[in-house]
>>> print(open('coords.cif').read())   # mmCIF, C-alpha atoms and all ligand atoms
data_coords
loop_
_atom_site.group_PDB
_atom_site.id
_atom_site.type_symbol
_atom_site.label_atom_id
_atom_site.label_comp_id
_atom_site.auth_asym_id
_atom_site.auth_seq_id
_atom_site.Cartn_x
_atom_site.Cartn_y
_atom_site.Cartn_z
ATOM 1 C CA MET E 622 -6.000 -4.638 4.531
ATOM 2 C CA GLN E 623 -4.847 -5.766 1.113
ATOM 3 C CA LEU E 624 -3.752 -9.314 0.446
ATOM 4 C CA ARG E 625 -2.369 -10.984 -2.645
ATOM 5 C CA PHE E 626 -4.602 -12.815 -5.094
ATOM 6 C CA GLU E 627 -2.217 -15.008 -7.037
ATOM 7 C CA THR E 628 -3.049 -15.086 -10.740
ATOM 8 C CA SER E 629 -1.237 -15.001 -14.063
ATOM 9 C CA SER E 630 -4.187 -13.252 -15.737
ATOM 10 C CA THR E 631 -3.744 -9.842 -17.298
ATOM 11 C CA SER E 632 -6.141 -7.173 -16.093
ATOM 12 C CA LYS E 633 -8.255 -7.601 -19.236
ATOM 13 C CA GLU E 634 -8.441 -11.391 -18.787
ATOM 14 C CA TYR E 635 -9.350 -10.839 -15.135
ATOM 15 C CA VAL E 636 -12.365 -8.779 -16.206
ATOM 16 C CA THR E 637 -13.363 -11.064 -19.088
ATOM 17 C CA HIS E 638 -13.296 -14.165 -16.883
ATOM 18 C CA GLN E 639 -14.705 -12.359 -13.812
ATOM 19 C CA ALA E 640 -11.779 -13.896 -11.980
ATOM 20 C CA TRP E 641 -12.780 -12.295 -8.659
ATOM 21 C CA ARG E 642 -15.380 -15.032 -8.362
ATOM 22 C CA ASP E 643 -12.525 -17.582 -8.042
ATOM 23 C CA ALA E 644 -10.843 -15.733 -5.172
ATOM 24 C CA THR E 645 -10.983 -17.486 -1.832
ATOM 25 C CA LEU E 646 -9.862 -16.578 1.658
ATOM 26 C CA GLU E 647 -10.335 -19.631 3.827
ATOM 27 C CA ARG E 648 -9.487 -18.191 7.210
ATOM 28 C CA CYS E 649 -9.655 -14.817 8.896
ATOM 29 C CA PRO E 650 -6.084 -13.454 8.807
ATOM 30 C CA LEU E 651 -6.617 -11.963 12.288
ATOM 31 C CA HIS E 652 -8.096 -15.142 13.791
ATOM 32 C CA PRO E 653 -6.582 -18.090 11.914
ATOM 33 C CA ALA E 654 -7.817 -20.477 14.605
ATOM 34 C CA GLY E 655 -11.408 -19.387 13.934
ATOM 35 C CA GLY E 656 -14.018 -18.220 16.405
ATOM 36 C CA CYS E 657 -14.928 -14.932 14.674
ATOM 37 C CA SER E 658 -17.747 -14.108 12.237
ATOM 38 C CA PHE E 659 -15.373 -13.598 9.284
ATOM 39 C CA ALA E 660 -17.301 -13.741 5.999
ATOM 40 C CA ARG E 661 -17.266 -12.704 2.389
ATOM 41 C CA HIS E 662 -18.227 -9.048 2.046
ATOM 42 C CA GLY E 663 -19.098 -8.447 -1.601
ATOM 43 C CA THR E 664 -16.825 -6.658 -4.030
ATOM 44 C CA TYR E 665 -15.785 -3.119 -4.800
ATOM 45 C CA GLU E 666 -15.264 -1.623 -8.210
ATOM 46 C CA ARG E 667 -12.077 -0.391 -9.828
ATOM 47 C CA VAL E 668 -12.464 2.085 -12.666
ATOM 48 C CA ASN E 669 -9.751 0.736 -14.923
ATOM 49 C CA PRO E 670 -10.165 -1.510 -16.823
ATOM 50 C CA PRO E 671 -13.946 -1.017 -16.787
ATOM 51 C CA GLY E 672 -15.813 -3.875 -15.133
ATOM 52 C CA THR E 673 -13.063 -4.701 -12.638
ATOM 53 C CA ARG E 674 -14.315 -5.901 -9.271
ATOM 54 C CA ILE E 675 -12.169 -6.684 -6.227
ATOM 55 C CA PRO E 676 -13.466 -9.286 -3.758
ATOM 56 C CA ARG E 677 -13.408 -8.584 -0.067
ATOM 57 C CA TRP E 678 -14.021 -10.151 3.305
ATOM 58 C CA TYR E 679 -14.849 -8.680 6.670
ATOM 59 C CA CYS E 680 -14.118 -9.625 10.256
ATOM 60 C CA PRO E 681 -16.642 -7.824 12.527
ATOM 61 C CA GLU E 682 -14.729 -8.700 15.696
ATOM 62 C CA GLY E 683 -11.481 -7.311 14.273
ATOM 63 C CA HIS E 684 -13.259 -4.395 12.507
ATOM 64 C CA CYS E 685 -11.157 -5.213 9.481
ATOM 65 C CA THR E 686 -11.871 -5.515 5.763
ATOM 66 C CA PHE E 687 -9.620 -7.688 3.616
ATOM 67 C CA SER E 688 -9.419 -7.259 -0.133
ATOM 68 C CA LEU E 689 -7.697 -9.692 -2.452
ATOM 69 C CA LEU E 690 -5.819 -7.751 -5.119
ATOM 70 C CA ALA E 691 -4.866 -9.773 -8.199
ATOM 71 C CA ASP E 692 -1.206 -9.725 -9.259
ATOM 72 C CA CYS E 693 -2.049 -7.785 -12.419
ATOM 73 C CA PHE E 694 -3.293 -4.686 -10.570
ATOM 74 C CA ALA E 695 -1.446 -1.711 -9.155
ATOM 75 C CA ALA E 696 -2.186 -1.219 -5.447
ATOM 76 C CA ARG E 697 -3.768 2.126 -4.532
ATOM 77 C CA LEU E 698 -3.306 3.420 -8.041
ATOM 78 C CA SER E 699 -5.476 3.177 -11.120
ATOM 79 C CA GLY E 700 -4.728 0.551 -13.744
ATOM 80 C CA SER E 701 -2.453 -2.453 -14.038
ATOM 81 C CA LEU E 702 1.048 -3.107 -12.738
ATOM 82 C CA GLN E 703 2.192 -3.593 -16.346
ATOM 83 C CA GLU E 704 1.001 -0.078 -17.184
ATOM 84 C CA VAL E 705 2.885 1.332 -14.203
ATOM 85 C CA GLU E 706 6.001 -0.653 -15.091
ATOM 86 C CA GLN E 707 5.916 0.579 -18.689
ATOM 87 C CA VAL E 708 5.741 4.200 -17.491
ATOM 88 C CA VAL E 709 8.702 3.688 -15.161
ATOM 89 C CA PHE E 710 10.677 1.913 -17.893
ATOM 90 C CA VAL E 711 10.054 4.728 -20.406
ATOM 91 C CA ALA E 712 11.075 7.317 -17.804
ATOM 92 C CA GLU E 713 14.298 5.432 -17.061
ATOM 93 C CA GLN E 714 15.257 5.529 -20.756
ATOM 94 C CA ALA E 715 14.242 9.164 -21.313
ATOM 95 C CA PRO E 716 16.832 11.979 -21.267
ATOM 96 C CA SER E 717 14.841 13.770 -18.525
ATOM 97 C CA ARG E 718 11.697 13.474 -16.401
ATOM 98 C CA GLU E 719 10.200 16.341 -18.399
ATOM 99 C CA ALA E 720 10.812 14.531 -21.690
ATOM 100 C CA ALA E 721 9.268 11.342 -20.314
ATOM 101 C CA ALA E 722 6.231 13.143 -18.869
ATOM 102 C CA ASP E 723 5.745 15.009 -22.119
ATOM 103 C CA ALA E 724 5.920 11.823 -24.204
ATOM 104 C CA LEU E 725 3.664 9.776 -21.904
ATOM 105 C CA ARG E 726 0.894 12.293 -21.253
ATOM 106 C CA LEU E 727 -0.022 14.321 -24.317
ATOM 107 C CA ASP E 728 -3.473 14.931 -22.842
ATOM 108 C CA ILE E 729 -2.465 17.061 -19.844
ATOM 109 C CA GLU E 730 -0.137 19.983 -19.114
ATOM 110 C CA LEU E 731 3.454 19.333 -18.095
ATOM 111 C CA PRO E 732 3.124 20.057 -14.330
ATOM 112 C CA GLY E 733 0.246 17.591 -14.071
ATOM 113 C CA ALA E 734 2.103 15.051 -16.202
ATOM 114 C CA LEU E 735 5.154 15.385 -13.943
ATOM 115 C CA ARG E 736 3.046 14.782 -10.822
ATOM 116 C CA TRP E 737 1.445 11.761 -12.506
ATOM 117 C CA LEU E 738 4.894 10.437 -13.422
ATOM 118 C CA ARG E 739 6.278 11.049 -9.936
ATOM 119 C CA ARG E 740 3.394 9.087 -8.342
ATOM 120 C CA ARG E 741 4.622 6.046 -10.274
ATOM 121 C CA LEU E 742 8.374 6.535 -10.501
ATOM 122 C CA LYS E 743 9.086 7.411 -6.873
ATOM 123 C CA PRO E 744 7.271 4.553 -5.098
ATOM 124 C CA VAL E 745 8.406 1.933 -7.635
ATOM 125 C CA HIS E 746 12.048 2.930 -7.265
ATOM 126 C CA ALA E 747 11.584 3.062 -3.479
ATOM 127 C CA ALA E 748 10.191 -0.486 -3.529
ATOM 128 C CA LEU E 749 13.047 -1.750 -5.732
ATOM 129 C CA THR E 750 15.586 -0.120 -3.397
ATOM 130 C CA LEU E 751 13.973 -1.881 -0.415
ATOM 131 C CA LEU E 752 14.059 -5.184 -2.307
ATOM 132 C CA LEU E 753 17.819 -4.885 -2.774
ATOM 133 C CA GLY E 754 18.141 -4.993 1.016
ATOM 134 C CA LEU E 755 15.424 -7.606 1.586
ATOM 135 C CA PHE E 756 16.866 -10.034 -0.982
ATOM 136 C CA PRO E 757 20.609 -9.273 -0.982
ATOM 137 C CA ASP E 758 21.608 -12.556 -2.626
ATOM 138 C CA LEU E 759 19.104 -12.363 -5.462
ATOM 139 C CA PHE E 760 19.755 -8.707 -6.278
ATOM 140 C CA ALA E 761 23.466 -8.364 -5.433
ATOM 141 C CA GLY E 762 25.006 -5.621 -7.586
ATOM 142 C CA CYS E 763 21.675 -4.750 -9.175
ATOM 143 C CA LEU E 764 20.548 -1.145 -9.642
ATOM 144 C CA PRO E 765 17.089 -0.280 -8.263
ATOM 145 C CA THR E 766 15.587 0.206 -11.716
ATOM 146 C CA VAL E 767 12.996 -1.689 -13.722
ATOM 147 C CA SER E 768 15.504 -2.225 -16.532
ATOM 148 C CA ALA E 769 18.113 -3.734 -14.190
ATOM 149 C CA PHE E 770 15.517 -5.936 -12.463
ATOM 150 C CA ARG E 771 14.253 -7.156 -15.844
ATOM 151 C CA GLN E 772 17.782 -8.238 -16.743
ATOM 152 C CA ARG E 773 18.404 -9.876 -13.388
ATOM 153 C CA LEU E 774 15.111 -11.785 -13.304
ATOM 154 C CA GLY E 775 15.049 -12.469 -17.039
ATOM 155 C CA CYS E 776 11.384 -11.638 -17.363
ATOM 156 C CA ALA E 777 9.368 -9.185 -19.427
ATOM 157 C CA TRP E 778 7.337 -7.748 -16.529
ATOM 158 C CA VAL E 779 9.078 -7.538 -13.183
ATOM 159 C CA LEU E 780 6.406 -5.887 -11.045
ATOM 160 C CA PRO E 781 3.848 -8.726 -11.327
ATOM 161 C CA ALA E 782 6.718 -11.231 -10.899
ATOM 162 C CA LEU E 783 7.850 -9.426 -7.743
ATOM 163 C CA ARG E 784 4.429 -9.932 -6.151
ATOM 164 C CA GLU E 785 5.343 -13.623 -6.193
ATOM 165 C CA ILE E 786 9.050 -13.327 -5.342
ATOM 166 C CA ALA E 787 8.483 -10.849 -2.520
ATOM 167 C CA GLU E 788 5.140 -12.237 -1.352
ATOM 168 C CA VAL E 789 6.073 -12.439 2.333
ATOM 169 C CA ARG E 790 7.357 -8.835 2.235
ATOM 170 C CA LEU E 791 4.455 -7.153 0.429
ATOM 171 C CA ALA E 792 3.176 -5.524 3.624
ATOM 172 C CA GLN E 793 6.541 -3.738 3.945
ATOM 173 C CA LEU E 794 6.728 -2.494 0.342
ATOM 174 C CA PRO E 795 5.037 0.733 -0.780
ATOM 175 C CA PRO E 796 2.205 0.626 -3.315
ATOM 176 C CA PRO E 797 1.688 0.292 -6.241
ATOM 177 C CA LEU E 798 3.900 -2.830 -5.923
ATOM 178 C CA GLY E 799 3.392 -3.602 -2.249
ATOM 179 C CA PHE E 800 0.518 -3.396 0.203
ATOM 180 C CA ARG E 801 2.128 -1.192 2.847
ATOM 181 C CA PRO E 802 -0.660 0.782 4.543
ATOM 182 C CA PRO E 803 -0.561 4.549 4.056
ATOM 183 C CA PRO E 804 0.670 6.667 6.974
ATOM 184 C CA ALA E 805 -1.982 7.706 9.498
ATOM 185 C CA HIS E 806 -2.770 11.052 7.829
ATOM 186 C CA ALA E 807 -2.560 9.925 4.215
ATOM 187 C CA GLY E 808 -6.308 10.252 3.745
ATOM 188 C CA GLU E 809 -6.070 14.036 4.109
ATOM 189 C CA ALA E 810 -2.954 14.368 1.974
ATOM 190 C CA GLU E 811 -4.224 12.293 -0.915
ATOM 191 C CA SER E 812 -4.904 14.361 -4.008
ATOM 192 C CA PRO E 813 -8.467 14.525 -5.350
ATOM 193 C CA ASN E 814 -7.166 13.309 -8.724
ATOM 194 C CA GLN E 815 -5.944 10.080 -7.274
ATOM 195 C CA GLN E 816 -9.240 9.371 -5.552
ATOM 196 C CA GLN E 817 -11.183 10.005 -8.734
ATOM 197 C CA ALA E 818 -8.895 7.643 -10.596
ATOM 198 C CA GLY E 819 -10.579 4.764 -8.784
ATOM 199 C CA PRO E 820 -7.734 3.083 -6.962
ATOM 200 C CA ASP E 821 -8.305 0.974 -3.902
ATOM 201 C CA PRO E 822 -10.474 1.956 -0.971
ATOM 202 C CA PRO E 823 -9.262 4.650 1.421
ATOM 203 C CA ALA E 824 -7.291 3.740 4.512
ATOM 204 C CA ALA E 825 -10.319 4.081 6.776
ATOM 205 C CA ILE E 826 -11.923 0.899 5.516
ATOM 206 C CA ALA E 827 -8.770 -0.907 4.391
HETATM 207 ZN ZN ZN E 901 -11.576 -12.559 12.451
#
>>> encode(input="coords.cif", output="structure tokens", more="lines below")
Ligand SMILES: [Zn+2]
Amino acid sequence: MQLRFETSSTSKEYVTHQAWRDATLERCPLHPAGGCSFARHGTYERVNPPGTRIPRWYCPEGHCTFSLLADCFAARLSGSLQEVEQVVFVAEQAPSREAAADALRLDIELPGALRWLRRRLKPVHAALTLLLGLFPDLFAGCLPTVSAFRQRLGCAWVLPALREIAEVRLAQLPPPLGFRPPPAHAGEAESPNQQQAGPDPPAAIA
């Protein structure tokens, strides 16, 4: 299970300061009254940026691992939320998905670039659409786009800001913004590329 680690650090600052060492989880989320053997359970590595470690805890009685994902990181996707947001923003301004994919990924062929783009665009727009319904007063009349949310919230980076604004709803929002668990069979459907990219641990141990 992923939980929020509140921080204003960028992903590079997080690595430089080894910020995972400051993360704390006082109580077992499954047994807040205590009584279980909940304890810190080391860290796991994220590929990007190099040197990133994510702290985790484990409750043996609940058979559950908890990882604290800092606000700067994309959930279940490689890299930072700012990187994801920039991709979505560029795609929103581009004349077509093909043009955006072509401009953003010079290193791979167009079909692969389009799949890469879709893995970011689709879940971010899905999360923004959900947020319109979850926070109707805040986002009244707003389009479910990064550009519209930037205007409404008056901030440079909306995805990290939304981790704070929508904190109590993160479990309902799809990654890379939210921490919604993948559907039961997602492990089989997940592409090999995505697993190699070093996102968060597979559903089985999440
Ligand atoms: Zn517990």
>>> residues_near_point(input="coords.cif", point="(-18.1, -14.8, 8.3)", cutoff="10 Å", atoms="only C-alpha atoms", output="list in words")
Arg648, Cys649, Gly655, Gly656, Cys657, Ser658, Phe659, Ala660, Arg661, His662, Trp678, Tyr679, Cys680 and Pro681 of chain E
>>> resolve_selection(input="coords.cif", expression="the PyMOL selection byres (((chain E and resi 686-702) around 8) and not hetatm)", output="ChimeraX atom specification")
/E:622-632,644,667-670,675-680,684-685,703-706,780-781,784,796-800,815,818-822,826-827
>>> closest_residue(input="coords.cif", among="E:Val779, E:Ile786, E:Leu738, E:Ile729", to="Phe756 (chain E)", atoms="all atoms listed in the file")
E:Ile786
>>> axis_aligned_box(input="coords.cif", around="region 734-740 of chain E", padding_each_side="8 Å", output="AutoDock Vina command-line options")
--center_x 3.9 --center_y 12.2 --center_z -12.3 --size_x 20.8 --size_y 22.3 --size_z 23.9
>>> atom_distance(input="coords.cif", atom1="CA of Arg801 (chain E)", atom2="CA of Leu752 (chain E)")
13.6 Å
>>> atom_distance(input="coords.cif", atom1="CA of Cys763 (chain E)", atom2="CA of Arg741 (chain E)")
20.2 Å
>>> closest_residue(input="coords.cif", among="E:Leu751, E:Ala715, E:Ala777, E:Ala654", to="ligand ZN 901 (chain E)", atoms="all atoms listed in the file")
E:Ala654
>>> atom_distance(input="coords.cif", atom1="CA of Ala769 (chain E)", atom2="CA of Pro744 (chain E)")
16.4 Å
>>> closest_residue(input="coords.cif", among="E:Glu647, E:His652, E:His746, E:Glu634", to="ligand ZN 901 (chain E)", atoms="all atoms listed in the file")
E:His652
>>> closest_residue(input="coords.cif", among="E:Leu646, E:Leu725, E:Leu791, E:Ala805", to="ligand ZN 901 (chain E)", atoms="only C-alpha atoms and all ligand atoms")
E:Leu646
